[in-house]
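The next block is start-v8.txt, given as compact mmCIF, C-alpha atoms and all ligand atoms.
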# COMPACT_ATOMS: atom_id res chain seq x y z
CA MET W 13 155.09 -22.82 17.23
CA ALA W 14 153.10 -21.24 14.35
CA ALA W 15 152.54 -23.43 11.30
CA LEU W 16 154.81 -22.74 8.34
CA PRO W 17 153.12 -20.83 5.49
CA ASP W 18 151.83 -22.90 2.58
CA LEU W 19 154.01 -22.02 -0.42
CA SER W 20 152.53 -24.58 -2.81
CA VAL W 21 151.32 -23.51 -6.25
CA ASP W 22 149.68 -25.20 -9.23
CA ILE W 23 151.12 -24.64 -12.70
CA GLY W 24 148.70 -26.03 -15.27
CA GLY W 25 148.08 -29.17 -13.22
CA LEU W 26 151.69 -29.53 -12.07
CA LYS W 27 151.79 -29.23 -8.27
CA LEU W 28 154.88 -27.52 -6.84
CA LYS W 29 155.70 -27.45 -3.13
CA ASN W 30 156.90 -23.85 -3.58
CA PRO W 31 157.07 -21.41 -6.52
CA VAL W 32 160.86 -21.48 -6.94
CA ILE W 33 162.23 -23.14 -10.08
CA THR W 34 165.73 -23.13 -11.56
CA ALA W 35 165.94 -21.65 -15.07
CA SER W 36 167.11 -23.65 -18.06
CA GLY W 37 170.81 -23.45 -18.90
CA THR W 38 171.83 -22.12 -15.51
CA PHE W 39 171.50 -25.25 -13.38
CA GLY W 40 173.20 -27.82 -15.61
CA TYR W 41 171.35 -31.11 -15.93
CA GLY W 42 170.03 -30.69 -12.39
CA THR W 43 172.52 -32.75 -10.42
CA GLU W 44 175.62 -30.53 -10.63
CA LEU W 45 174.52 -28.42 -7.68
CA THR W 46 173.67 -31.23 -5.27
CA PRO W 47 176.86 -30.54 -3.26
CA PHE W 48 175.41 -27.11 -2.39
CA PHE W 49 171.88 -28.06 -1.27
CA ASP W 50 169.18 -30.70 -1.64
CA PRO W 51 167.36 -29.92 -4.94
CA SER W 52 164.29 -31.83 -3.63
CA LEU W 53 163.55 -28.69 -1.58
CA LEU W 54 162.87 -26.64 -4.72
CA GLY W 55 159.53 -26.23 -6.50
CA ALA W 56 160.92 -27.75 -9.71
CA ILE W 57 164.11 -28.02 -11.71
CA ILE W 58 164.31 -27.04 -15.35
CA VAL W 59 167.25 -28.70 -17.03
CA LYS W 60 169.53 -27.37 -19.73
CA GLY W 61 167.90 -26.98 -23.15
CA LEU W 62 167.83 -30.27 -25.07
CA SER W 63 167.73 -30.93 -28.80
CA LEU W 64 166.97 -34.12 -30.73
CA ARG W 65 170.67 -34.74 -31.36
CA ALA W 66 173.74 -33.61 -29.38
CA MET W 67 175.01 -30.14 -30.36
CA PRO W 68 178.45 -28.58 -29.76
CA GLY W 69 177.07 -25.03 -29.53
CA ASN W 70 178.77 -21.85 -30.73
CA PRO W 71 182.55 -21.30 -30.77
CA PRO W 72 184.05 -19.42 -27.77
CA PRO W 73 184.05 -16.80 -26.39
CA ARG W 74 180.37 -17.33 -25.69
CA ILE W 75 179.95 -15.49 -22.38
CA ALA W 76 180.60 -11.78 -21.76
CA GLU W 77 179.90 -9.86 -18.57
CA THR W 78 178.16 -6.49 -18.86
CA PRO W 79 177.18 -3.99 -16.14
CA CYS W 80 174.56 -5.86 -14.05
CA GLY W 81 174.15 -8.50 -16.73
CA LEU W 82 175.50 -11.45 -18.65
CA LEU W 83 175.58 -11.89 -22.40
CA ASN W 84 175.62 -15.49 -23.62
CA SER W 85 175.69 -17.15 -26.98
CA ILE W 86 175.99 -20.77 -25.84
CA GLY W 87 174.13 -21.89 -28.97
CA PHE W 88 172.31 -24.87 -27.43
CA ALA W 89 175.37 -26.98 -26.58
CA ASN W 90 173.82 -30.15 -25.13
CA ILE W 91 174.12 -33.93 -25.04
CA GLY W 92 170.88 -34.62 -26.93
CA ILE W 93 167.58 -36.00 -25.67
CA GLU W 94 168.47 -39.72 -25.78
CA ALA W 95 171.71 -39.33 -23.79
CA PHE W 96 169.81 -37.16 -21.33
CA ILE W 97 167.14 -39.81 -20.79
CA GLU W 98 169.67 -42.66 -20.47
CA GLU W 99 172.50 -40.96 -18.56
CA LYS W 100 170.93 -38.15 -16.54
CA MET W 101 167.33 -39.17 -15.80
CA PRO W 102 168.09 -42.19 -13.57
CA LEU W 103 169.77 -39.83 -11.05
CA LEU W 104 167.33 -36.98 -11.59
CA ALA W 105 164.34 -39.27 -11.01
CA LYS W 106 165.51 -39.65 -7.39
CA ILE W 107 165.04 -35.90 -6.74
CA LYS W 108 161.71 -35.28 -5.02
CA ALA W 109 160.85 -32.24 -7.12
CA PRO W 110 159.43 -32.34 -10.65
CA ILE W 111 161.98 -32.22 -13.44
CA ILE W 112 160.97 -30.04 -16.35
CA THR W 113 162.72 -30.63 -19.65
CA ASN W 114 163.42 -27.58 -21.77
CA ILE W 115 163.34 -28.52 -25.46
CA TYR W 116 164.49 -26.85 -28.62
CA GLY W 117 163.95 -27.99 -32.22
CA HIS W 118 165.19 -26.93 -35.64
CA THR W 119 161.76 -27.76 -37.10
CA ILE W 120 158.23 -28.11 -35.71
CA GLU W 121 158.48 -31.89 -36.23
CA GLU W 122 161.62 -32.08 -34.07
CA TYR W 123 159.76 -30.46 -31.17
CA GLY W 124 157.00 -33.07 -31.52
CA GLU W 125 159.50 -35.92 -31.75
CA MET W 126 161.18 -34.84 -28.51
CA ALA W 127 157.85 -34.48 -26.69
CA LYS W 128 157.03 -38.04 -27.77
CA ARG W 129 160.33 -39.41 -26.41
CA ILE W 130 159.85 -37.64 -23.07
CA GLU W 131 156.24 -38.77 -22.72
CA LYS W 132 156.92 -42.10 -20.99
CA VAL W 133 159.90 -40.99 -18.90
CA GLU W 134 159.16 -41.16 -15.19
CA GLY W 135 160.10 -38.12 -13.11
CA ILE W 136 159.55 -35.60 -15.89
CA GLY W 137 156.70 -33.41 -14.68
CA ALA W 138 156.31 -31.01 -17.60
CA VAL W 139 157.83 -29.84 -20.85
CA GLU W 140 159.04 -26.27 -21.33
CA ILE W 141 159.42 -25.31 -24.99
CA ASN W 142 162.06 -22.80 -25.92
CA ILE W 143 160.73 -20.93 -28.95
CA SER W 144 163.48 -18.30 -28.99
CA CYS W 145 165.45 -20.32 -31.51
CA PRO W 146 165.76 -20.18 -35.30
CA ASN W 147 163.29 -22.07 -37.49
CA VAL W 148 165.42 -23.55 -40.29
CA GLU W 149 162.37 -23.99 -42.53
CA GLU W 150 161.57 -20.27 -42.30
CA GLY W 151 165.06 -18.90 -43.04
CA GLY W 152 166.17 -18.83 -39.41
CA ILE W 153 163.48 -16.51 -38.01
CA ALA W 154 162.84 -17.44 -34.37
CA PHE W 155 159.72 -19.62 -33.85
CA GLY W 156 158.63 -17.34 -31.04
CA THR W 157 158.46 -14.11 -33.02
CA ASP W 158 155.45 -15.05 -35.13
CA PRO W 159 152.10 -15.89 -33.45
CA ASP W 160 151.12 -18.52 -36.05
CA THR W 161 154.47 -20.33 -35.88
CA ALA W 162 154.53 -20.13 -32.07
CA ALA W 163 151.02 -21.60 -31.99
CA ALA W 164 151.94 -24.34 -34.50
CA VAL W 165 154.95 -25.47 -32.39
CA THR W 166 152.85 -25.44 -29.23
CA GLN W 167 150.03 -27.43 -30.79
CA HIS W 168 152.45 -30.01 -32.16
CA VAL W 169 154.01 -30.55 -28.73
CA VAL W 170 150.59 -30.63 -27.01
CA ASN W 171 149.47 -33.30 -29.50
CA ASN W 172 152.48 -35.45 -28.63
CA THR W 173 152.39 -35.37 -24.84
CA THR W 174 150.02 -35.67 -21.91
CA LYS W 175 152.39 -33.68 -19.68
CA PRO W 176 151.74 -29.97 -19.03
CA VAL W 177 153.29 -27.83 -21.76
CA ILE W 178 154.93 -24.55 -20.73
CA VAL W 179 155.93 -22.20 -23.53
CA LYS W 180 158.93 -19.98 -22.81
CA LEU W 181 158.39 -16.70 -24.61
CA THR W 182 161.01 -14.50 -26.20
CA PRO W 183 160.99 -10.80 -25.30
CA ASN W 184 162.41 -9.93 -28.72
CA VAL W 185 159.02 -9.14 -30.27
CA THR W 186 156.85 -6.06 -30.74
CA ASP W 187 153.95 -7.33 -28.64
CA ILE W 188 154.54 -10.29 -26.34
CA SER W 189 150.81 -10.47 -25.46
CA THR W 190 149.93 -11.49 -29.01
CA ILE W 191 152.32 -14.42 -28.84
CA ALA W 192 151.12 -15.37 -25.35
CA LYS W 193 147.50 -15.43 -26.51
CA ALA W 194 148.43 -17.48 -29.59
CA VAL W 195 150.17 -20.21 -27.55
CA GLU W 196 147.35 -20.22 -24.98
CA SER W 197 144.84 -20.84 -27.78
CA ALA W 198 147.10 -23.63 -29.09
CA GLY W 199 146.81 -25.48 -25.77
CA ALA W 200 149.78 -24.31 -23.65
CA GLN W 201 149.10 -24.89 -19.95
CA ALA W 202 151.49 -22.09 -18.87
CA VAL W 203 154.00 -19.58 -20.21
CA SER W 204 157.44 -18.58 -18.92
CA VAL W 205 158.25 -14.89 -19.32
CA THR W 206 161.01 -14.21 -20.26
CA ASN W 207 163.95 -15.57 -22.19
CA THR W 208 167.00 -13.34 -22.80
CA PHE W 209 167.06 -10.02 -24.67
CA LEU W 210 169.27 -9.81 -27.77
CA GLY W 211 172.40 -7.75 -27.12
CA MET W 212 176.04 -7.08 -28.06
CA ALA W 213 179.28 -6.02 -26.42
CA VAL W 214 182.45 -4.75 -28.12
CA ASP W 215 186.10 -5.01 -27.00
CA ILE W 216 187.49 -1.56 -27.87
CA ALA W 217 191.12 -2.76 -27.66
CA THR W 218 190.68 -5.41 -30.35
CA ARG W 219 187.70 -3.67 -31.96
CA ARG W 220 186.00 -7.04 -32.11
CA PRO W 221 182.70 -8.25 -30.67
CA LYS W 222 183.17 -9.82 -27.22
CA LEU W 223 181.14 -12.86 -28.34
CA ALA W 224 182.41 -14.96 -31.26
CA ASN W 225 178.77 -15.16 -32.39
CA MET W 226 178.64 -11.33 -32.28
CA VAL W 227 175.10 -11.32 -30.83
CA GLY W 228 173.98 -12.94 -27.58
CA GLY W 229 171.20 -13.01 -25.02
CA LEU W 230 171.26 -10.58 -22.09
CA SER W 231 170.21 -11.84 -18.66
CA GLY W 232 170.65 -10.86 -15.01
CA PRO W 233 169.63 -7.82 -12.93
CA ALA W 234 169.95 -5.52 -15.97
CA ILE W 235 166.76 -7.01 -17.45
CA LYS W 236 164.64 -7.27 -14.28
CA PRO W 237 162.47 -4.16 -14.68
CA ILE W 238 161.73 -5.00 -18.32
CA ALA W 239 161.01 -8.65 -17.52
CA LEU W 240 158.69 -7.56 -14.70
CA TYR W 241 156.81 -5.28 -17.09
CA LEU W 242 156.44 -8.10 -19.61
CA VAL W 243 155.13 -10.46 -16.92
CA HIS W 244 152.60 -7.80 -15.89
CA LYS W 245 151.55 -7.43 -19.54
CA VAL W 246 151.18 -11.17 -20.17
CA VAL W 247 149.30 -11.75 -16.88
CA ALA W 248 146.71 -9.26 -18.14
CA ALA W 249 146.49 -10.96 -21.54
CA VAL W 250 146.06 -14.69 -20.71
CA ARG W 251 144.24 -16.89 -18.20
CA ILE W 252 146.91 -19.62 -17.98
CA PRO W 253 149.60 -19.36 -15.27
CA VAL W 254 152.60 -17.16 -15.98
CA ILE W 255 156.03 -18.12 -14.63
CA GLY W 256 158.16 -15.01 -14.18
CA LEU W 257 161.90 -14.71 -14.63
CA GLY W 258 164.61 -12.26 -15.55
CA GLY W 259 167.20 -10.94 -13.12
CA ILE W 260 165.78 -12.49 -9.95
CA MET W 261 168.61 -12.40 -7.39
CA ASP W 262 166.82 -12.77 -4.05
CA TYR W 263 163.42 -13.30 -2.42
CA ARG W 264 162.53 -9.59 -2.74
CA ASP W 265 162.89 -9.80 -6.53
CA ALA W 266 160.83 -12.99 -6.48
CA LEU W 267 158.09 -11.21 -4.52
CA GLU W 268 157.92 -8.41 -7.10
CA PHE W 269 157.17 -10.99 -9.81
CA LEU W 270 154.61 -12.79 -7.63
CA LEU W 271 152.88 -9.49 -6.79
CA VAL W 272 152.44 -8.62 -10.47
CA GLY W 273 150.80 -12.00 -10.94
CA ALA W 274 153.47 -14.60 -11.71
CA ARG W 275 152.31 -17.96 -10.29
CA ALA W 276 155.93 -19.14 -9.91
CA ILE W 277 159.39 -17.76 -10.62
CA GLN W 278 162.65 -19.03 -12.10
CA VAL W 279 166.18 -18.28 -10.97
CA GLY W 280 168.79 -18.08 -13.75
CA THR W 281 171.98 -16.00 -13.86
CA ALA W 282 171.97 -15.66 -10.05
CA ASN W 283 172.98 -19.36 -9.87
CA PHE W 284 176.37 -18.48 -11.39
CA ILE W 285 177.07 -15.96 -8.61
CA ASN W 286 175.64 -17.96 -5.71
CA PRO W 287 174.57 -21.54 -6.46
CA LYS W 288 172.39 -21.50 -3.33
CA THR W 289 170.24 -18.58 -4.54
CA ALA W 290 167.15 -20.69 -5.33
CA ILE W 291 167.03 -22.36 -1.93
CA GLU W 292 167.75 -19.04 -0.19
CA ILE W 293 164.73 -17.60 -2.03
CA VAL W 294 162.56 -20.48 -0.71
CA HIS W 295 163.71 -19.63 2.84
CA GLY W 296 163.28 -15.89 2.22
CA LEU W 297 159.69 -16.36 0.99
CA THR W 298 158.89 -18.58 3.98
CA ASP W 299 160.24 -15.99 6.44
CA PHE W 300 158.50 -13.12 4.63
CA CYS W 301 155.12 -14.90 4.72
CA SER W 302 155.58 -15.76 8.41
CA ARG W 303 156.52 -12.16 9.24
CA GLU W 304 153.62 -10.73 7.27
CA LYS W 305 151.18 -13.34 8.63
CA VAL W 306 150.47 -14.67 5.14
CA SER W 307 149.36 -18.28 5.56
CA ASN W 308 149.29 -19.12 1.85
CA ILE W 309 151.57 -17.73 -0.90
CA ASN W 310 148.55 -17.53 -3.22
CA GLN W 311 147.43 -14.53 -1.13
CA ILE W 312 150.48 -12.67 -2.49
CA ILE W 313 150.20 -13.72 -6.12
CA GLY W 314 148.63 -10.90 -8.15
CA GLY W 315 148.33 -8.80 -4.98
CA LEU W 316 149.80 -5.63 -6.52
CA LYS W 317 147.99 -2.55 -5.18
CA THR W 318 147.29 -0.03 -7.93
CA MET W 319 145.19 2.49 -5.98
C1 LIG T 1 174.39 -19.38 -19.84
C2 LIG T 1 172.90 -19.41 -20.10
C3 LIG T 1 172.34 -20.48 -20.79
C4 LIG T 1 170.98 -20.52 -21.06
N1 LIG T 1 170.43 -21.60 -21.71
C5 LIG T 1 169.09 -21.64 -21.93
C6 LIG T 1 168.51 -22.78 -22.56
O1 LIG T 1 169.19 -23.78 -22.88
N2 LIG T 1 167.16 -22.77 -22.78
C7 LIG T 1 166.37 -21.69 -22.42
O2 LIG T 1 165.14 -21.73 -22.63
N3 LIG T 1 166.90 -20.61 -21.80
C8 LIG T 1 168.23 -20.58 -21.55
N4 LIG T 1 168.76 -19.49 -20.91
C9 LIG T 1 167.89 -18.37 -20.50
C10 LIG T 1 167.53 -18.48 -19.00
O3 LIG T 1 166.87 -19.67 -18.71
C11 LIG T 1 166.65 -17.27 -18.58
O4 LIG T 1 165.47 -17.25 -19.36
C12 LIG T 1 167.35 -15.93 -18.75
O5 LIG T 1 168.72 -16.03 -18.43
C13 LIG T 1 166.69 -14.82 -17.92
O6 LIG T 1 166.70 -15.11 -16.54
P1 LIG T 1 167.89 -14.61 -15.54
O7 LIG T 1 168.04 -13.14 -15.77
O8 LIG T 1 167.41 -14.97 -14.18
O9 LIG T 1 169.11 -15.35 -15.94
C14 LIG T 1 170.15 -19.44 -20.63
C15 LIG T 1 170.71 -18.34 -19.94
C16 LIG T 1 172.07 -18.32 -19.66
C17 LIG T 1 172.63 -17.14 -18.91
Mind turning this structure into structure tokens?
Ligand SMILES: Cc1cc2nc3c(=O)[nH]c(=O)nc-3n(C[C@H](O)[C@H](O)[C@H](O)COP(=O)(O)O)c2cc1C
Amino acid sequence: MAALPDLSVDIGGLKLKNPVITASGTFGYGTELTPFFDPSLLGAIIVKGLSLRAMPGNPPPRIAETPCGLLNSIGFANIGIEAFIEEKMPLLAKIKAPIITNIYGHTIEEYGEMAKRIEKVEGIGAVEINISCPNVEEGGIAFGTDPDTAAAVTQHVVNNTTKPVIVKLTPNVTDISTIAKAVESAGAQAVSVTNTFLGMAVDIATRRPKLANMVGGLSGPAIKPIALYLVHKVVAAVRIPVIGLGGIMDYRDALEFLLVGARAIQVGTANFINPKTAIEIVHGLTDFCSREKVSNINQIIGGLKTM
């Protein structure tokens, strides 16, 4: 029998057995989906976004379906970093795939404080920073929309941890490459591209917005071509690994992101439709590589033919 293809990748020093990662906020705290498959078979698991203190999130309704997409305004509802470490990590540490914590702060100092608390926790392989959120010290403008602020947050986290730091970029900017370069210079070991696109939906019967928060983040297949373009753009702008995401529903979508140069991919909204999507993508990539006689997934990464 032919040997199975090698799907392992390296993300800023973090070794993954395959390039498939679950996206923050779509896979709970990492253990909710264990009845469906063994999460140890995934490349890594990114848990729900965590803040320094527990947060209730936005009032409902905070999810609205759109054609080929999902609008959400969850508003960072989470149990807080301490409860996560005490209540969730003991179980998560048993999973044989790196756990990546996704963190969100109201101030630059809060990001640093969380990185510090995570530093000594066993089983946490890397920190992903969500910079798509409002900076209370700058009147609520998202950290990730200004290169200097994005760099300052990154540097603060890098200074407070020895774990690889992945910065998750927002697409809601004029030029994502500028932000990517700024966080790379500040010491990020990788970037995730992309978070959700700002959007709205209106109920014509009530004439009210479908989300209580009025505005939400759009995800799912509707954003895939734009996310793919942004990944392509960022891959050309930085040397650090790029993790691609946005509307990935199956292994073919995953391959598109890998071909444009993403070193790994994340599966988000698809988990709500089929909780086994991520593991099916691992199997799909394995079969594809075997069929195409690709012995190592790195032969696919960045293999887009342009001539
Ligand atoms: C319900 C929901 C909750 C999310 N929560 C977070 C979060 O806490 N932190 C974060 O960085 N991204 C969060 N995201 C964004 C996803 O991780 C991902 O970047 C986005 O949905 C695009 O990927 P997709 O189209 O595969 O879903 C959330 C998305 C959804 C749909």
task: Check which residues fall inside 8 Å of ligand LIG 1 (chain T) when counting all atoms listed in the file, and print them as number ranges by chain.
output: W: 35-38, 59-62, 75, 81-86, 88-89, 114-116, 140-144, 180, 205-208, 229-236, 257-261, 278-282
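Using all atoms listed in the file, the shortest contact distance between W:Val272 and any of W:Val32, W:Leu64, W:Ile313, W:Val254 is found at W:Ile313.
Within a radius of 10 Å around (168.4, -36.2, -18.4), the polymer residues are W:Tyr41, W:Gly42, W:Thr43, W:Val59, W:Lys60, W:Leu62, W:Ile91, W:Gly92, W:Ile93, W:Glu94, W:Ala95, W:Phe96, W:Ile97, W:Glu98, W:Glu99, W:Lys100, W:Met101, W:Pro102, W:Leu103, W:Leu104, W:Ala105, W:Ile111, W:Ile112, W:Thr113, W:Ile130, W:Val133, W:Ile136, counting only C-alpha atoms.
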Need the neighbours of (153.3, -5.1, -1.1): which residues are at most 10 Å away, counting all atoms listed in the file, as number ranges by chain? W: 267-268, 271, 312, 315-317
What's the separation between atom CA of W:Asn90 and atom CA of W:Ala66, in Å to one decimal place?
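These two atoms are separated by 5.5 Å.
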In terms of only C-alpha atoms, the residue from W:Asn225, W:Thr161, W:Thr298, W:Asn184 at minimal distance from W:Ile238 is W:Asn184
Discussion item. Need to verify the contact set: W:Gly296, 10 Å, all atoms listed in the file, exclusion of same-chain residues closer than 4 positions in sequence. Can you return it as an MDAnalysis selection string?
Written reply: chainID W and resid 262:264 266:267 290:292 300:302
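With only C-alpha atoms taken into account, the protein and nucleic acid residues at most 10 Å from W:Val177 (excluding it and anything under 2 positions from it in its own chain) are Ile23, Gly24, Leu26, Ile112, Ala127, Gly137, Ala138, Val139, Glu140, Ile141, Thr166, Gln167, Val169, Val170, Thr173, Thr174, Lys175, Val179, Lys180, Gly199, Ala200, Gln201, Ala202 and Val203 of chain W.
When atom CA of W:Pro72 is paired with atom CA of W:Leu223, their separation reads 7.2 Å.
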Atom CA of W:Phe49 to atom CA of W:Thr289 measures 10.2 Å
Who sits within 12 Å of W:Asp158, all atoms listed in the file, same chain under 5 positions skipped, as a PDB file with C-alpha atoms, keeping the file's coordinate frame:
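Listed below is the output, result11.pdb:
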ATOM      1  CA  ILE W 143     160.730 -20.930 -28.950  1.00  0.00           C
ATOM      2  CA  SER W 144     163.480 -18.300 -28.990  1.00  0.00           C
ATOM      3  CA  CYS W 145     165.450 -20.320 -31.510  1.00  0.00           C
ATOM      4  CA  PRO W 146     165.760 -20.180 -35.300  1.00  0.00           C
ATOM      5  CA  ASN W 147     163.290 -22.070 -37.490  1.00  0.00           C
ATOM      6  CA  GLU W 150     161.570 -20.270 -42.300  1.00  0.00           C
ATOM      7  CA  ILE W 153     163.480 -16.510 -38.010  1.00  0.00           C
ATOM      8  CA  ALA W 163     151.020 -21.600 -31.990  1.00  0.00           C
ATOM      9  CA  ALA W 164     151.940 -24.340 -34.500  1.00  0.00           C
ATOM     10  CA  VAL W 165     154.950 -25.470 -32.390  1.00  0.00           C
ATOM     11  CA  LEU W 181     158.390 -16.700 -24.610  1.00  0.00           C
ATOM     12  CA  THR W 182     161.010 -14.500 -26.200  1.00  0.00           C
ATOM     13  CA  ASN W 184     162.410  -9.930 -28.720  1.00  0.00           C
ATOM     14  CA  VAL W 185     159.020  -9.140 -30.270  1.00  0.00           C
ATOM     15  CA  THR W 186     156.850  -6.060 -30.740  1.00  0.00           C
ATOM     16  CA  ASP W 187     153.950  -7.330 -28.640  1.00  0.00           C
ATOM     17  CA  ILE W 188     154.540 -10.290 -26.340  1.00  0.00           C
ATOM     18  CA  SER W 189     150.810 -10.470 -25.460  1.00  0.00           C
ATOM     19  CA  THR W 190     149.930 -11.490 -29.010  1.00  0.00           C
ATOM     20  CA  ILE W 191     152.320 -14.420 -28.840  1.00  0.00           C
ATOM     21  CA  ALA W 192     151.120 -15.370 -25.350  1.00  0.00           C
ATOM     22  CA  LYS W 193     147.500 -15.430 -26.510  1.00  0.00           C
ATOM     23  CA  ALA W 194     148.430 -17.480 -29.590  1.00  0.00           C
ATOM     24  CA  VAL W 195     150.170 -20.210 -27.550  1.00  0.00           C
TER      25      VAL W 195
END
- Task: Give the answer as one residue: which of W:Ile58, W:Ala248, W:Ala213, W:Ile285 has the shortest atom-to-atom distance to W:Ile178, using only C-alpha atoms?
- Result: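 That would be W:Ile58, the residue with the smallest distance to W:Ile178.
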Between W:Gly156, W:Pro183, W:Pro71, W:Gly55, smallest distance to W:Val21 by only C-alpha atoms belongs to W:Gly55
Subset file as a PDB file, in the first residue's frame: stretch 46-53 of chain W, all heavy atoms:
ATOM      1  N   THR W  46     -16.840  16.867  20.273  1.00  0.00           N
ATOM      2  CA  THR W  46     -16.229  15.537  20.420  1.00  0.00           C
ATOM      3  C   THR W  46     -17.197  14.392  20.125  1.00  0.00           C
ATOM      4  O   THR W  46     -16.754  13.333  19.703  1.00  0.00           O
ATOM      5  CB  THR W  46     -15.585  15.342  21.813  1.00  0.00           C
ATOM      6  OG1 THR W  46     -16.477  15.847  22.780  1.00  0.00           O
ATOM      7  CG2 THR W  46     -14.245  16.024  21.925  1.00  0.00           C
ATOM      8  N   PRO W  47     -18.530  14.548  20.294  1.00  0.00           N
ATOM      9  CA  PRO W  47     -19.396  13.434  19.911  1.00  0.00           C
ATOM     10  C   PRO W  47     -19.357  13.157  18.404  1.00  0.00           C
ATOM     11  O   PRO W  47     -19.734  12.074  17.965  1.00  0.00           O
ATOM     12  CB  PRO W  47     -20.803  13.899  20.316  1.00  0.00           C
ATOM     13  CG  PRO W  47     -20.602  15.013  21.264  1.00  0.00           C
ATOM     14  CD  PRO W  47     -19.277  15.627  20.949  1.00  0.00           C
ATOM     15  N   PHE W  48     -18.929  14.132  17.612  1.00  0.00           N
ATOM     16  CA  PHE W  48     -18.973  13.972  16.149  1.00  0.00           C
ATOM     17  C   PHE W  48     -17.698  13.351  15.580  1.00  0.00           C
ATOM     18  O   PHE W  48     -17.737  12.629  14.615  1.00  0.00           O
ATOM     19  CB  PHE W  48     -19.249  15.317  15.471  1.00  0.00           C
ATOM     20  CG  PHE W  48     -20.595  15.877  15.844  1.00  0.00           C
ATOM     21  CD1 PHE W  48     -20.723  16.830  16.846  1.00  0.00           C
ATOM     22  CD2 PHE W  48     -21.731  15.411  15.203  1.00  0.00           C
ATOM     23  CE1 PHE W  48     -21.965  17.324  17.201  1.00  0.00           C
ATOM     24  CE2 PHE W  48     -22.982  15.906  15.547  1.00  0.00           C
ATOM     25  CZ  PHE W  48     -23.102  16.860  16.550  1.00  0.00           C
ATOM     26  N   PHE W  49     -16.544  13.705  16.133  1.00  0.00           N
ATOM     27  CA  PHE W  49     -15.282  13.111  15.678  1.00  0.00           C
ATOM     28  C   PHE W  49     -14.204  13.421  16.711  1.00  0.00           C
ATOM     29  O   PHE W  49     -14.410  14.232  17.616  1.00  0.00           O
ATOM     30  CB  PHE W  49     -14.872  13.613  14.281  1.00  0.00           C
ATOM     31  CG  PHE W  49     -14.566  15.094  14.214  1.00  0.00           C
ATOM     32  CD1 PHE W  49     -13.280  15.563  14.443  1.00  0.00           C
ATOM     33  CD2 PHE W  49     -15.559  16.003  13.915  1.00  0.00           C
ATOM     34  CE1 PHE W  49     -12.992  16.920  14.381  1.00  0.00           C
ATOM     35  CE2 PHE W  49     -15.280  17.369  13.854  1.00  0.00           C
ATOM     36  CZ  PHE W  49     -13.998  17.821  14.084  1.00  0.00           C
ATOM     37  N   ASP W  50     -13.030  12.782  16.532  1.00  0.00           N
ATOM     38  CA  ASP W  50     -11.940  12.971  17.481  1.00  0.00           C
ATOM     39  C   ASP W  50     -11.146  14.230  17.094  1.00  0.00           C
ATOM     40  O   ASP W  50     -10.451  14.228  16.067  1.00  0.00           O
ATOM     41  CB  ASP W  50     -11.035  11.725  17.438  1.00  0.00           C
ATOM     42  CG  ASP W  50      -9.827  11.876  18.328  1.00  0.00           C
ATOM     43  OD1 ASP W  50      -9.737  12.889  19.044  1.00  0.00           O
ATOM     44  OD2 ASP W  50      -8.966  10.973  18.295  1.00  0.00           O
ATOM     45  N   PRO W  51     -11.237  15.315  17.880  1.00  0.00           N
ATOM     46  CA  PRO W  51     -10.567  16.564  17.492  1.00  0.00           C
ATOM     47  C   PRO W  51      -9.037  16.437  17.425  1.00  0.00           C
ATOM     48  O   PRO W  51      -8.371  17.277  16.825  1.00  0.00           O
ATOM     49  CB  PRO W  51     -10.997  17.565  18.566  1.00  0.00           C
ATOM     50  CG  PRO W  51     -11.572  16.774  19.662  1.00  0.00           C
ATOM     51  CD  PRO W  51     -11.974  15.444  19.144  1.00  0.00           C
ATOM     52  N   SER W  52      -8.484  15.354  18.011  1.00  0.00           N
ATOM     53  CA  SER W  52      -7.027  15.151  17.946  1.00  0.00           C
ATOM     54  C   SER W  52      -6.567  14.952  16.501  1.00  0.00           C
ATOM     55  O   SER W  52      -5.384  15.080  16.208  1.00  0.00           O
ATOM     56  CB  SER W  52      -6.619  13.920  18.762  1.00  0.00           C
ATOM     57  OG  SER W  52      -6.933  14.109  20.117  1.00  0.00           O
ATOM     58  N   LEU W  53      -7.515  14.631  15.599  1.00  0.00           N
ATOM     59  CA  LEU W  53      -7.151  14.389  14.199  1.00  0.00           C
ATOM     60  C   LEU W  53      -6.984  15.682  13.399  1.00  0.00           C
ATOM     61  O   LEU W  53      -6.548  15.660  12.252  1.00  0.00           O
ATOM     62  CB  LEU W  53      -8.211  13.497  13.521  1.00  0.00           C
ATOM     63  CG  LEU W  53      -8.408  12.118  14.170  1.00  0.00           C
ATOM     64  CD1 LEU W  53      -9.596  11.403  13.567  1.00  0.00           C
ATOM     65  CD2 LEU W  53      -7.135  11.283  14.002  1.00  0.00           C
TER      66      LEU W  53
END
